[in-house]
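This is query_36.cif (mmCIF, C-alpha atoms and all ligand atoms).
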data_start
#
loop_
_atom_site.group_PDB
_atom_site.id
_atom_site.type_symbol
_atom_site.label_atom_id
_atom_site.label_comp_id
_atom_site.auth_asym_id
_atom_site.auth_seq_id
_atom_site.Cartn_x
_atom_site.Cartn_y
_atom_site.Cartn_z
ATOM 1 C CA MET A 68 0.000 0.000 0.000
ATOM 2 C CA PRO A 69 1.497 3.377 -1.047
ATOM 3 C CA VAL A 70 2.177 5.706 1.817
ATOM 4 C CA THR A 71 1.010 9.295 1.094
ATOM 5 C CA GLU A 72 3.299 11.843 2.506
ATOM 6 C CA ARG A 73 1.608 14.597 4.505
ATOM 7 C CA GLU A 74 2.876 18.169 4.318
ATOM 8 C CA PRO A 75 4.470 19.347 7.542
ATOM 9 C CA VAL A 76 2.194 21.522 9.721
ATOM 10 C CA SER A 77 4.488 24.520 9.310
ATOM 11 C CA THR A 78 4.085 24.450 5.495
ATOM 12 C CA ARG A 79 0.301 24.284 5.760
ATOM 13 C CA PHE A 80 0.290 27.123 8.305
ATOM 14 C CA ILE A 81 2.408 29.370 6.055
ATOM 15 C CA ARG A 82 0.138 28.627 3.056
ATOM 16 C CA ALA A 83 -2.979 29.483 5.093
ATOM 17 C CA LEU A 84 -1.432 32.793 6.144
ATOM 18 C CA SER A 85 -0.457 33.695 2.595
ATOM 19 C CA ARG A 86 -4.073 33.262 1.452
ATOM 20 C CA GLY A 87 -5.022 36.287 3.534
ATOM 21 C CA PRO A 88 -8.230 36.701 5.470
ATOM 22 C CA ARG A 89 -11.188 34.631 4.346
ATOM 23 C CA PRO A 90 -14.029 36.610 2.797
ATOM 24 C CA SER A 91 -16.475 37.222 5.647
ATOM 25 C CA PRO A 92 -19.780 35.401 5.165
ATOM 26 C CA GLN A 93 -22.640 37.672 4.186
ATOM 27 C CA ARG A 94 -24.189 39.212 7.292
ATOM 28 C CA PHE A 95 -27.634 37.888 8.044
ATOM 29 C CA GLU A 96 -29.827 40.220 9.993
ATOM 30 C CA ALA A 97 -33.203 39.116 11.294
ATOM 31 C CA PRO A 98 -35.090 41.266 13.753
ATOM 32 C CA GLU A 99 -36.059 39.460 16.922
ATOM 33 C CA VAL A 100 -39.701 38.543 16.450
ATOM 34 C CA TYR A 101 -40.506 38.673 20.127
ATOM 35 C CA GLY A 102 -38.927 41.402 22.153
ATOM 36 C CA ARG A 103 -39.666 42.365 25.730
ATOM 37 C CA GLU A 104 -38.466 45.856 24.902
ATOM 38 C CA ALA A 105 -40.878 46.041 21.934
ATOM 39 C CA ILE A 106 -43.760 45.107 24.219
ATOM 40 C CA SER A 107 -42.867 47.457 27.038
ATOM 41 C CA ARG A 108 -42.496 50.366 24.602
ATOM 42 C CA ILE A 109 -46.051 49.676 23.437
ATOM 43 C CA ALA A 110 -47.440 49.455 26.982
ATOM 44 C CA ARG A 111 -45.584 52.592 28.111
ATOM 45 C CA ALA A 112 -47.386 54.658 25.460
ATOM 46 C CA LEU A 113 -50.728 54.072 27.213
ATOM 47 C CA PRO A 114 -52.335 55.687 30.288
ATOM 48 C CA PRO A 115 -52.046 53.609 33.516
ATOM 49 C CA ILE A 116 -55.277 51.571 33.307
ATOM 50 C CA GLU A 117 -54.838 50.737 29.634
ATOM 51 C CA ARG A 118 -51.146 50.004 30.315
ATOM 52 C CA ALA A 119 -52.181 47.420 32.888
ATOM 53 C CA TYR A 120 -54.612 45.946 30.339
ATOM 54 C CA ALA A 121 -51.833 45.864 27.714
ATOM 55 C CA ASN A 122 -49.543 43.976 30.070
ATOM 56 C CA ILE A 123 -52.298 41.463 30.813
ATOM 57 C CA ARG A 124 -53.069 41.111 27.100
ATOM 58 C CA PHE A 125 -49.414 40.437 26.271
ATOM 59 C CA SER A 126 -49.283 37.854 29.028
ATOM 60 C CA ILE A 127 -52.283 36.088 27.447
ATOM 61 C CA LEU A 128 -51.052 36.387 23.851
ATOM 62 C CA ARG A 129 -47.634 34.994 24.679
ATOM 63 C CA PRO A 130 -44.492 34.960 22.526
ATOM 64 C CA LYS A 131 -45.325 31.586 20.997
ATOM 65 C CA LEU A 132 -48.766 32.739 19.857
ATOM 66 C CA LEU A 133 -47.487 36.095 18.641
ATOM 67 C CA SER A 134 -44.694 34.441 16.691
ATOM 68 C CA VAL A 135 -47.089 32.005 14.999
ATOM 69 C CA MET A 136 -49.263 34.912 13.854
ATOM 70 C CA ASP A 137 -46.305 37.089 12.951
ATOM 71 C CA LEU A 138 -44.902 34.389 10.683
ATOM 72 C CA LEU A 139 -48.278 33.757 9.051
ATOM 73 C CA LEU A 140 -48.884 37.410 8.167
ATOM 74 C CA PRO A 141 -47.364 38.947 5.021
ATOM 75 C CA ASP A 142 -44.043 40.717 5.626
ATOM 76 C CA GLU A 143 -45.165 43.861 3.865
ATOM 77 C CA GLY A 144 -48.077 45.751 2.404
ATOM 78 C CA PRO A 145 -51.368 46.945 3.804
ATOM 79 C CA ILE A 146 -52.778 44.702 6.531
ATOM 80 C CA LEU A 147 -56.156 45.044 8.234
ATOM 81 C CA ASP A 148 -56.424 44.719 12.012
ATOM 82 C CA ILE A 149 -60.108 44.071 12.710
ATOM 83 C CA GLY A 150 -61.170 45.027 16.240
ATOM 84 C CA CYS A 151 -57.765 46.582 16.865
ATOM 85 C CA GLY A 152 -58.652 47.865 20.351
ATOM 86 C CA PHE A 153 -55.757 49.961 21.714
ATOM 87 C CA GLY A 154 -53.590 49.053 18.724
ATOM 88 C CA LEU A 155 -51.262 46.803 20.724
ATOM 89 C CA PHE A 156 -50.821 44.301 17.933
ATOM 90 C CA ALA A 157 -50.776 46.878 15.132
ATOM 91 C CA ALA A 158 -47.742 48.311 16.927
ATOM 92 C CA TYR A 159 -46.264 44.883 17.644
ATOM 93 C CA PHE A 160 -46.611 43.423 14.131
ATOM 94 C CA GLY A 161 -45.572 46.767 12.663
ATOM 95 C CA GLN A 162 -42.374 46.692 14.692
ATOM 96 C CA THR A 163 -41.461 43.127 13.734
ATOM 97 C CA GLN A 164 -41.852 43.913 10.007
ATOM 98 C CA PRO A 165 -41.599 47.644 9.307
ATOM 99 C CA GLY A 166 -42.741 47.072 5.681
ATOM 100 C CA ARG A 167 -46.241 46.409 6.983
ATOM 101 C CA ARG A 168 -48.762 49.241 6.910
ATOM 102 C CA ILE A 169 -51.479 48.322 9.348
ATOM 103 C CA VAL A 170 -55.009 49.662 9.127
ATOM 104 C CA GLY A 171 -56.837 49.181 12.423
ATOM 105 C CA VAL A 172 -60.617 49.279 12.750
ATOM 106 C CA ASP A 173 -62.613 49.420 15.969
ATOM 107 C CA PRO A 174 -66.016 50.903 16.836
ATOM 108 C CA ASN A 175 -64.629 52.368 20.065
ATOM 109 C CA ALA A 176 -63.405 55.921 19.248
ATOM 110 C CA ARG A 177 -61.331 56.246 22.431
ATOM 111 C CA ARG A 178 -59.482 53.002 21.662
ATOM 112 C CA ILE A 179 -58.830 54.235 18.132
ATOM 113 C CA GLU A 180 -57.392 57.483 19.492
ATOM 114 C CA LEU A 181 -55.074 55.548 21.817
ATOM 115 C CA ALA A 182 -54.129 53.126 19.035
ATOM 116 C CA ARG A 183 -52.932 56.106 16.964
ATOM 117 C CA ARG A 184 -50.924 57.359 19.914
ATOM 118 C CA VAL A 185 -49.314 53.955 20.507
ATOM 119 C CA SER A 186 -48.240 53.502 16.873
ATOM 120 C CA GLU A 187 -46.872 57.032 16.693
ATOM 121 C CA SER A 188 -44.944 56.617 19.924
ATOM 122 C CA VAL A 189 -43.112 53.569 18.543
ATOM 123 C CA GLY A 190 -42.377 55.439 15.316
ATOM 124 C CA LEU A 191 -44.866 53.674 13.018
ATOM 125 C CA ARG A 192 -46.219 56.591 11.049
ATOM 126 C CA GLY A 193 -47.658 54.454 8.234
ATOM 127 C CA ASN A 194 -50.272 52.805 10.454
ATOM 128 C CA GLU A 195 -53.803 54.139 10.168
ATOM 129 C CA PHE A 196 -56.798 53.773 12.474
ATOM 130 C CA ILE A 197 -60.461 54.066 11.626
ATOM 131 C CA ALA A 198 -63.352 54.308 14.094
ATOM 132 C CA GLY A 199 -66.176 52.130 12.803
ATOM 133 C CA ASP A 200 -67.848 48.769 12.678
ATOM 134 C CA ALA A 201 -65.915 46.245 10.579
ATOM 135 C CA ARG A 202 -69.201 44.990 9.142
ATOM 136 C CA ASP A 203 -69.886 48.175 7.221
ATOM 137 C CA VAL A 204 -67.151 50.788 7.664
ATOM 138 C CA GLY A 205 -65.690 52.130 4.410
ATOM 139 C CA LEU A 206 -62.445 50.290 3.636
ATOM 140 C CA GLU A 207 -60.427 50.419 0.489
ATOM 141 C CA GLY A 208 -58.701 47.181 -0.492
ATOM 142 C CA PRO A 209 -57.032 45.174 -1.655
ATOM 143 C CA PHE A 210 -55.114 44.203 1.495
ATOM 144 C CA ALA A 211 -52.172 41.823 1.542
ATOM 145 C CA GLY A 212 -53.459 40.383 4.793
ATOM 146 C CA ALA A 213 -55.905 40.788 7.647
ATOM 147 C CA TYR A 214 -56.077 39.577 11.214
ATOM 148 C CA VAL A 215 -58.891 39.280 13.720
ATOM 149 C CA LEU A 216 -57.580 38.700 17.243
ATOM 150 C CA ASP A 217 -60.183 37.517 19.735
ATOM 151 C CA VAL A 218 -62.919 39.452 17.976
ATOM 152 C CA MET A 219 -64.954 36.896 15.977
ATOM 153 C CA HIS A 220 -66.725 35.564 19.091
ATOM 154 C CA HIS A 221 -67.894 39.131 19.861
ATOM 155 C CA ILE A 222 -69.667 39.355 16.482
ATOM 156 C CA PRO A 223 -73.343 38.260 16.535
ATOM 157 C CA GLU A 224 -73.801 34.759 15.120
ATOM 158 C CA GLN A 225 -75.749 35.827 12.011
ATOM 159 C CA ASP A 226 -73.041 38.394 11.122
ATOM 160 C CA GLN A 227 -70.001 36.134 11.408
ATOM 161 C CA LEU A 228 -70.187 34.588 7.932
ATOM 162 C CA PRO A 229 -70.978 37.937 6.204
ATOM 163 C CA MET A 230 -68.038 39.529 8.025
ATOM 164 C CA LEU A 231 -65.635 36.792 6.891
ATOM 165 C CA THR A 232 -67.038 37.154 3.367
ATOM 166 C CA ARG A 233 -66.353 40.876 3.491
ATOM 167 C CA LEU A 234 -62.779 40.266 4.636
ATOM 168 C CA ARG A 235 -62.231 37.767 1.816
ATOM 169 C CA ASP A 236 -63.447 40.350 -0.691
ATOM 170 C CA LEU A 237 -61.063 42.960 0.728
ATOM 171 C CA LEU A 238 -58.026 40.677 0.336
ATOM 172 C CA ALA A 239 -55.757 40.531 -2.686
ATOM 173 C CA PRO A 240 -55.384 37.122 -4.382
ATOM 174 C CA ARG A 241 -53.102 34.948 -2.161
ATOM 175 C CA GLY A 242 -53.864 37.341 0.709
ATOM 176 C CA VAL A 243 -53.916 35.772 4.170
ATOM 177 C CA LEU A 244 -56.599 36.147 6.807
ATOM 178 C CA VAL A 245 -55.411 35.176 10.289
ATOM 179 C CA VAL A 246 -58.174 34.476 12.780
ATOM 180 C CA LYS A 247 -57.121 33.987 16.384
ATOM 181 C CA ASP A 248 -59.985 32.857 18.522
ATOM 182 C CA ILE A 249 -61.045 30.600 21.371
ATOM 183 C CA THR A 250 -62.252 27.129 20.475
ATOM 184 C CA THR A 251 -64.969 25.315 22.410
ATOM 185 C CA VAL A 252 -62.903 22.413 23.729
ATOM 186 C CA PRO A 253 -62.075 21.574 26.428
ATOM 187 C CA THR A 254 -65.244 22.827 28.129
ATOM 188 C CA PHE A 255 -63.339 24.006 31.203
ATOM 189 C CA GLY A 256 -61.091 26.212 29.044
ATOM 190 C CA LEU A 257 -64.100 27.645 27.225
ATOM 191 C CA GLU A 258 -65.962 28.437 30.444
ATOM 192 C CA PHE A 259 -62.842 29.994 31.971
ATOM 193 C CA THR A 260 -62.554 32.299 28.935
ATOM 194 C CA ARG A 261 -66.280 33.040 28.864
ATOM 195 C CA LEU A 262 -66.178 34.163 32.495
ATOM 196 C CA LEU A 263 -63.304 36.567 31.816
ATOM 197 C CA ASP A 264 -64.993 37.842 28.636
ATOM 198 C CA ARG A 265 -68.194 38.473 30.624
ATOM 199 C CA VAL A 266 -66.219 40.479 33.178
ATOM 200 C CA MET A 267 -64.893 42.611 30.297
ATOM 201 C CA VAL A 268 -68.060 43.097 28.205
ATOM 202 C CA GLY A 269 -70.908 42.561 30.686
ATOM 203 C CA TRP A 270 -73.966 40.353 30.277
ATOM 204 C CA ASP A 271 -75.730 42.024 27.365
ATOM 205 C CA GLU A 272 -73.208 41.630 24.549
ATOM 206 C CA PRO A 273 -73.340 38.480 22.432
ATOM 207 C CA LEU A 274 -70.553 35.928 22.840
ATOM 208 C CA ARG A 275 -70.663 33.287 20.135
ATOM 209 C CA TYR A 276 -67.709 30.917 20.264
ATOM 210 C CA ARG A 277 -67.340 28.134 17.701
ATOM 211 C CA HIS A 278 -65.330 24.933 17.507
ATOM 212 C CA HIS A 279 -62.230 25.485 15.341
ATOM 213 C CA ARG A 280 -63.557 22.904 12.858
ATOM 214 C CA GLU A 281 -66.642 25.082 12.332
ATOM 215 C CA TRP A 282 -64.500 28.143 11.594
ATOM 216 C CA GLY A 283 -62.417 26.020 9.237
ATOM 217 C CA GLU A 284 -65.490 24.775 7.368
ATOM 218 C CA MET A 285 -66.911 28.274 7.137
ATOM 219 C CA LEU A 286 -63.679 29.679 5.706
ATOM 220 C CA ALA A 287 -63.287 26.752 3.300
ATOM 221 C CA SER A 288 -66.855 27.358 2.073
ATOM 222 C CA LEU A 289 -65.697 30.889 1.170
ATOM 223 C CA GLY A 290 -62.970 29.434 -1.026
ATOM 224 C CA PHE A 291 -60.045 29.880 1.382
ATOM 225 C CA HIS A 292 -57.251 27.350 1.777
ATOM 226 C CA VAL A 293 -57.309 26.756 5.536
ATOM 227 C CA ARG A 294 -54.614 25.734 8.008
ATOM 228 C CA MET A 295 -54.951 25.859 11.769
ATOM 229 C CA VAL A 296 -52.974 25.274 14.899
ATOM 230 C CA ARG A 297 -54.032 25.018 18.515
ATOM 231 C CA VAL A 298 -51.589 26.763 20.800
ATOM 232 C CA PRO A 299 -51.516 25.365 24.341
ATOM 233 C CA ASP A 300 -50.844 27.720 27.208
ATOM 234 C CA VAL A 301 -50.109 27.488 30.919
ATOM 235 C CA LEU A 302 -53.441 29.237 31.476
ATOM 236 C CA PRO A 303 -56.481 27.254 30.318
ATOM 237 C CA TYR A 304 -57.336 29.458 27.302
ATOM 238 C CA PRO A 305 -58.185 27.146 24.362
ATOM 239 C CA HIS A 306 -56.368 29.302 21.780
ATOM 240 C CA VAL A 307 -56.607 28.491 18.101
ATOM 241 C CA VAL A 308 -54.907 30.266 15.212
ATOM 242 C CA ILE A 309 -56.444 29.817 11.770
ATOM 243 C CA ALA A 310 -54.652 30.927 8.611
ATOM 244 C CA ALA A 311 -56.956 31.239 5.609
ATOM 245 C CA THR A 312 -55.312 31.972 2.263
ATOM 246 C CA LYS A 313 -57.406 33.434 -0.523
ATOM 247 C CA ARG A 314 -57.037 31.230 -3.598
HETATM 248 C C1 LIG B 401 -61.374 41.298 23.130
HETATM 249 S S1 LIG B 401 -61.119 42.838 22.335
HETATM 250 C C2 LIG B 401 -59.702 42.438 21.362
HETATM 251 C C3 LIG B 401 -58.927 43.651 20.987
HETATM 252 C C4 LIG B 401 -57.630 43.361 20.237
HETATM 253 N N1 LIG B 401 -57.882 42.670 18.987
HETATM 254 C C5 LIG B 401 -56.707 42.544 21.092
HETATM 255 O O1 LIG B 401 -56.474 41.383 20.728
HETATM 256 O O2 LIG B 401 -56.260 43.047 22.118
HETATM 257 C C6 LIG B 401 -62.405 42.871 21.104
HETATM 258 C C7 LIG B 401 -62.374 44.145 20.282
HETATM 259 O O3 LIG B 401 -63.275 43.977 19.175
HETATM 260 C C8 LIG B 401 -63.917 45.203 18.948
HETATM 261 N N2 LIG B 401 -65.137 44.945 18.176
HETATM 262 C C9 LIG B 401 -66.313 44.426 18.615
HETATM 263 N N3 LIG B 401 -67.205 44.386 17.616
HETATM 264 C C10 LIG B 401 -66.586 44.888 16.515
HETATM 265 C C11 LIG B 401 -66.991 45.130 15.170
HETATM 266 N N4 LIG B 401 -68.229 44.862 14.779
HETATM 267 N N5 LIG B 401 -66.105 45.660 14.307
HETATM 268 C C12 LIG B 401 -64.845 45.944 14.716
HETATM 269 N N6 LIG B 401 -64.407 45.732 15.972
HETATM 270 C C13 LIG B 401 -65.267 45.221 16.870
HETATM 271 C C14 LIG B 401 -64.163 45.744 20.354
HETATM 272 O O4 LIG B 401 -64.416 47.128 20.377
HETATM 273 C C15 LIG B 401 -62.849 45.369 21.043
HETATM 274 O O5 LIG B 401 -61.895 46.391 20.958
#
Transcribe the structure of this file into structure tokens.
Amino acid sequence: MPVTEREPVSTRFIRALSRGPRPSPQRFEAPEVYGREAISRIARALPPIERAYANIRFSILRPKLLSVMDLLLPDEGPILDIGCGFGLFAAYFGQTQPGRRIVGVDPNARRIELARRVSESVGLRGNEFIAGDARDVGLEGPFAGAYVLDVMHHIPEQDQLPMLTRLRDLLAPRGVLVVKDITTVPTFGLEFTRLLDRVMVGWDEPLRYRHHREWGEMLASLGFHVRMVRVPDVLPYPHVVIAATKR
């Protein structure tokens, strides 16, 4: 068997030096999708009571849930935030992808005013907020995406399908609608959520939760391609995230 002669270490070392520095690999920069600093900047922009609410809300919609939604939404373009409340997530998703221009809608004028303030305070001047009911407020599409975070179960039963139909019609082809809601199983989780919702909205407002399969069937009947994921939590909220892509 022929014996191959290895170069002495010193020769290899000198050759490596004479090659000069290696070209540095291209820098890869990805903004951190979840940032404590991002969240506290959002909360700090609000008055004390709403700030406390924001902190509670961000402890319910935890990093895992936020990241799932963030990755499902388009990276850029106009995106509708239906039932935007204080604009917490318009500011959050706007910060993770500055190419997004978020249009928030909520019937509560005070929340809309605060949502504007929050987005401005984190430097998102492209976000826009409209006071109105998502079922009939004037909106000019097409939108690259839309999201509805814990709002669908506040919409009266007979209006849920028409509202989803309206959102489909406002989306561009291949646009994504992300629905985050509460599913109806397990019963304990549903009742836990219902109790907290009742504390927030009182006894008169409708609360119409649906099983995630029902939402999936409804969205598929509108021609969407539907994917969904249940996101377990330490608290018993039965979270579900549904991504519906317009074909
Ligand atoms: C539970 S809060 C969720 C707020 C926000 N999406 C979040 O996740 O923090 C429900 C919001 O839906 C809004 N809402 C209720 N009915 C609505 C409708 N018909 N059109 C638009 N927003 C609505 C309420 O005013 C409220 O701000």
Query - Residue neighbourhood Ser107 in chain A, 10 Å, only C-alpha atoms, exclusion window fewer than 2 positions, as a ChimeraX atom specification - result: /A:102-105,109-112,118,121-122,125
Residues from the last selection, C-alpha atoms, saved as a compact mmCIF listing (two decimals), keeping the file's coordinate frame:
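Everything below was put into result-v4.txt:
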# COMPACT_ATOMS: atom_id res chain seq x y z
CA GLY A 102 -38.93 41.40 22.15
CA ARG A 103 -39.67 42.36 25.73
CA GLU A 104 -38.47 45.86 24.90
CA ALA A 105 -40.88 46.04 21.93
CA ILE A 109 -46.05 49.68 23.44
CA ALA A 110 -47.44 49.46 26.98
CA ARG A 111 -45.58 52.59 28.11
CA ALA A 112 -47.39 54.66 25.46
CA ARG A 118 -51.15 50.00 30.32
CA ALA A 121 -51.83 45.86 27.71
CA ASN A 122 -49.54 43.98 30.07
CA PHE A 125 -49.41 40.44 26.27
Query - Within 9 Å of ligand LIG 401 (chain B), counting only C-alpha atoms and all ligand atoms, residues as a ChimeraX atom specification - result: /A:120-121,124-125,128,148-156,171-176,178-179,198-204,214-223,226,230,247,264,267-268
Query raised in the report: Could you name the residues that touch Ile146 in chain A at 9 Å or less, counting only C-alpha atoms, but leaving out those on the same chain fewer than 3 positions away, as a PyMOL selection string?
Result: chain A and resi 140-141+143+167-171+210-214
Requested in this report: Evaluate the PyMOL selection byres (((chain A and resi 301) around 12) and not hetatm) here and jot the selected residues down as a VMD selection string.
Outcome: chain A and resid 126 to 129 131 256 298 to 300 302 to 306
Query raised in the report: So how far away is CA of Ile249 in chain A from CA of Leu263 in chain A, in Å?
Result: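 Here the two named atoms are 12.2 Å from each other.
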**Report entry** Matched chain/residue IDs from the PyMOL selection byres (((chain A and resi 239-242) around 7) and not hetatm), as a list of chain:residue names
**Finding:**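 Taken over the shown coordinates, the PyMOL selection byres (((chain A and resi 239-242) around 7) and not hetatm) returns A:Pro209, A:Phe210, A:Ala211, A:Gly212, A:Leu237, A:Leu238, A:Val243, A:Leu244, A:Thr312, A:Lys313, A:Arg314.
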Query - Residues returned when the PyMOL selection byres (((chain A and resi 291) around 7) and not hetatm) runs on this file, as an MDAnalysis selection string - result: chainID A and resid 286:287 289:290 292:293 311:314
Requested in this report: Can you work out which one of A:Ala119, A:Thr251, A:Glu180, A:Thr163 has the shortest atom-to-atom distance to Leu138 in chain A, counting all atoms listed in the file?
Outcome: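 Ranking A:Ala119, A:Thr251, A:Glu180, A:Thr163 by distance to Leu138 in chain A, first place goes to A:Thr163.
With CA of Pro229 in chain A on one side and CA of Asp271 in chain A on the other, the separation reads 22.1 Å.
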Requested in this report: For Val308 in chain A, please output as a ChimeraX atom specification all residues within 7 Å (counting only C-alpha atoms; exclusion window: fewer than 5 positions along the same chain).
Outcome: /A:245-248,295-297
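The coordinates place CA of Ile197 in chain A at 13.1 Å from CA of Arg184 in chain A.
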Query - Arg261 in chain A environment, 9 Å, only C-alpha atoms, sequence neighbours closer than 4 positions dropped, as a PyMOL selection string - result: chain A and resi 256-257+265-266+274+276
Requested in this report: Give the answer as one residue: which of A:Pro165, A:Arg79, A:Met136, A:Ala182 has the shortest atom-to-atom distance to Glu117 in chain A, using only C-alpha atoms?
Outcome: A:Ala182
